[in-house]
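Novice: Here it is, the structure, as structure tokens.
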Amino acid sequence: MDQIKIFSPASVANVSCGFDVLGFCLDPIGDIMTVSKTKDKGVSLGVITGQKLPKDPLKNVATVAASALLKSHSSKIGFRIDIEKKIKPGSGIGSSAASAAGAVFAINELLGKPYSRKELVQFAMVGESLASGAAHADNLAPLLLGGFTLVRSNKDLDIIKLPSPKGLIVTIIHPKIELKTIHSRSILKNEIPLSKAVEQWGNLGAFVSALYTNDYDLLSRSMKDEIIEPVRAMLIPKFSQLQKIALDSGALGCGISGSGPSIYALSKGEIIANRVGKSMGIIYDKIGLDYEVHYSQINEEGIKIL
């Protein structure tokens, strides 16, 4: 095989109570990437459409991640990456993760799969750290493993795939503003009160339990962020109103997707998810802010070969 085309999906990280450790994979939203073998060693960028991305291989997360993989593998060939970028950078649904994970996944396939999907996370993290200023895997892990994932340790890359309760539908509303992860991380506090940390640990443990037991009531009670959301909410127009109307419309929970500005809501069933999306849209219609609404099941497969 000399060429491969893949779909690298969007994702939601943090999931309210799981800052930097919890994430899940979306389905219809994502990038199309084509990777081809070349005679010259190394990684190069080909055609990029859809969004403006750096053409410098040292500044593009896809080529940086791919180069990290090739440093670990004695390949005698090179690779060219073409990207049809459909996830807007700075949207909060894992744009950089899709590029980084997609690149290493595709090259690994062309090399004959010398690495497992879980092992690929370490290489993708090199690209992700370029974009966000921190090496974290909460977006990358669900792309490569599918579904919900928990990163117990970024240092040791101890990653656990979690079950996904049937019937969960995600609503994503993306206000058309850009919010870079590296900037939204810069406003976070280095220290937190012990009481808030204890509440967060309880919520995260309860959320994981709810996934295993299909306990939607527990899932709803645990989707609370006591630490990050109160700080970042000020960066997202009308966040508090959007969250309230989503919950009033029947959502199990609603929070900031990644570092924002996208907001996600989890609902039981498509009818409620659609009602949540329409209700949140009304808020932005009133202030004249352009936005997009997406709906998705939980993507259990992750990155797919096209």
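Quick note on naming: the chains in the structure tokens go A, B, ... in the order shown, residues restart at 1 in each chain, and ligands are numbered from 1 in order of appearance.
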If we count only C-alpha atoms and set the cut-off at 6 Å, which residues sit around region 229-245 of chain A, ignoring sequence neighbours fewer than 2 positions away in its own chain? Please answer as a PyMOL selection string.

Specialist: chain A and resi 225+247-249+254+261+280

Novice: Can you check which residues of region 69-122 of chain A DSSP gives as strand (DSSP E or B) on the backbone and send them as a list in words?

Specialist: Gly78, Phe79, Arg80, Ile81, Asp82, Ile83 and Glu84 of chain A

Novice: Using N, CA, C and O atoms, can you write the selected residues to a file as an mmCIF file, in the first residue's frame?

Specialist:
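File produced: part-v7.cif:
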data_model
loop_
_atom_site.group_PDB
_atom_site.id
_atom_site.type_symbol
_atom_site.label_atom_id
_atom_site.label_comp_id
_atom_site.auth_asym_id
_atom_site.auth_seq_id
_atom_site.Cartn_x
_atom_site.Cartn_y
_atom_site.Cartn_z
ATOM 1 N N GLY A 78 9.907 8.190 2.937
ATOM 2 C CA GLY A 78 9.288 9.361 3.522
ATOM 3 C C GLY A 78 7.793 9.373 3.254
ATOM 4 O O GLY A 78 7.240 8.450 2.642
ATOM 5 N N PHE A 79 7.129 10.437 3.706
ATOM 6 C CA PHE A 79 5.680 10.505 3.585
ATOM 7 C C PHE A 79 5.230 11.940 3.307
ATOM 8 O O PHE A 79 5.813 12.895 3.827
ATOM 9 N N ARG A 80 4.210 12.049 2.495
ATOM 10 C CA ARG A 80 3.586 13.337 2.200
ATOM 11 C C ARG A 80 2.169 13.322 2.773
ATOM 12 O O ARG A 80 1.428 12.343 2.617
ATOM 13 N N ILE A 81 1.797 14.422 3.426
ATOM 14 C CA ILE A 81 0.489 14.511 4.075
ATOM 15 C C ILE A 81 -0.344 15.597 3.406
ATOM 16 O O ILE A 81 0.055 16.763 3.355
ATOM 17 N N ASP A 82 -1.496 15.217 2.863
ATOM 18 C CA ASP A 82 -2.478 16.164 2.333
ATOM 19 C C ASP A 82 -3.652 16.213 3.309
ATOM 20 O O ASP A 82 -4.120 15.167 3.776
ATOM 21 N N ILE A 83 -4.116 17.427 3.594
ATOM 22 C CA ILE A 83 -5.154 17.594 4.618
ATOM 23 C C ILE A 83 -6.345 18.373 4.078
ATOM 24 O O ILE A 83 -6.187 19.494 3.568
ATOM 25 N N GLU A 84 -7.520 17.778 4.183
ATOM 26 C CA GLU A 84 -8.766 18.490 3.951
ATOM 27 C C GLU A 84 -9.316 18.843 5.335
ATOM 28 O O GLU A 84 -9.980 18.037 5.980
#

Novice: Please provide as a ChimeraX atom specification all residues within 7 Å of region 24-26 of chain A, with the sequence filter that same-chain residues fewer than 6 positions apart are discarded (counting only C-alpha atoms).

Specialist: /A:9-13,142-143,146-149,296-299,302

Novice: From the set A:Ser16, A:Ser96, A:Thr181, A:Gln51, which residue has the shortest atom-to-atom contact distance to Glu226 (chain A), counting only C-alpha atoms?

Specialist: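 Between A:Ser16, A:Ser96, A:Thr181, A:Gln51, the residue approaching Glu226 (chain A) most closely is A:Ser16.
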
Novice: Which is closer to Ser44 (chain A) than all the others in A:Ile77, A:Ile29, A:Gly18, A:Leu219, using only C-alpha atoms?

Specialist: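 Ranked by minimum distance to Ser44 (chain A), first place goes to A:Ile77.
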
Novice: Got a sec: who's within 12 Å of Glu178 (chain A), counting only C-alpha atoms, leaving out chain neighbours fewer than 4 positions off, as a list in words?

Specialist: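 Near neighbours after the sequence-gap exclusion: Ile87, Lys88, Pro89, Gly90, Ser91, Gly92, Ile93, Ser95, His174, Ile182, His183, Ser184, Leu235, Ile236, Pro237, Ser259, Gly260, Pro261, Ser262 and Tyr291 of chain A.
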
Novice: I'd like a table as JSON lines: residues in region 130-198 of chain A with an atom no more than 9 Å from region 97-117 of chain A, each row giving the shortest atom pair and its distance in Å to one decimal, only C-alpha atoms counted, sorted by chain and rising residue number.

Specialist:
{"residue": "A:Ala131", "atom": "CA", "partner": "A:Ala97", "partner_atom": "CA", "distance": 8.9}
{"residue": "A:Ala137", "atom": "CA", "partner": "A:Ala97", "partner_atom": "CA", "distance": 8.6}
{"residue": "A:Asn139", "atom": "CA", "partner": "A:Ala97", "partner_atom": "CA", "distance": 6.0}
{"residue": "A:Leu140", "atom": "CA", "partner": "A:Ala97", "partner_atom": "CA", "distance": 5.5}
{"residue": "A:Ala141", "atom": "CA", "partner": "A:Ala101", "partner_atom": "CA", "distance": 8.7}
{"residue": "A:Leu143", "atom": "CA", "partner": "A:Ala101", "partner_atom": "CA", "distance": 7.0}
{"residue": "A:Leu144", "atom": "CA", "partner": "A:Arg117", "partner_atom": "CA", "distance": 5.6}
{"residue": "A:Leu145", "atom": "CA", "partner": "A:Arg117", "partner_atom": "CA", "distance": 6.5}

Novice: Between A:Asp285, A:Val47, A:Gly23, A:Phe123, which has the minimum distance to Ser67 (chain A) (counting only C-alpha atoms)?

Specialist: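 Of A:Asp285, A:Val47, A:Gly23, A:Phe123, the one nearest Ser67 (chain A) is A:Phe123, counting only C-alpha atoms.
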
Novice: Between A:Gly255, A:Met125, A:Ile303, A:Leu266, which is the closest to Lys155 (chain A) once you count only C-alpha atoms?

Specialist: A:Met125

Novice: Have a look at A:Lys118, A:Glu128, A:Asp215, A:Asp40 and name the one nearest to Ala66 (chain A); count only C-alpha atoms.

Specialist: A:Glu128
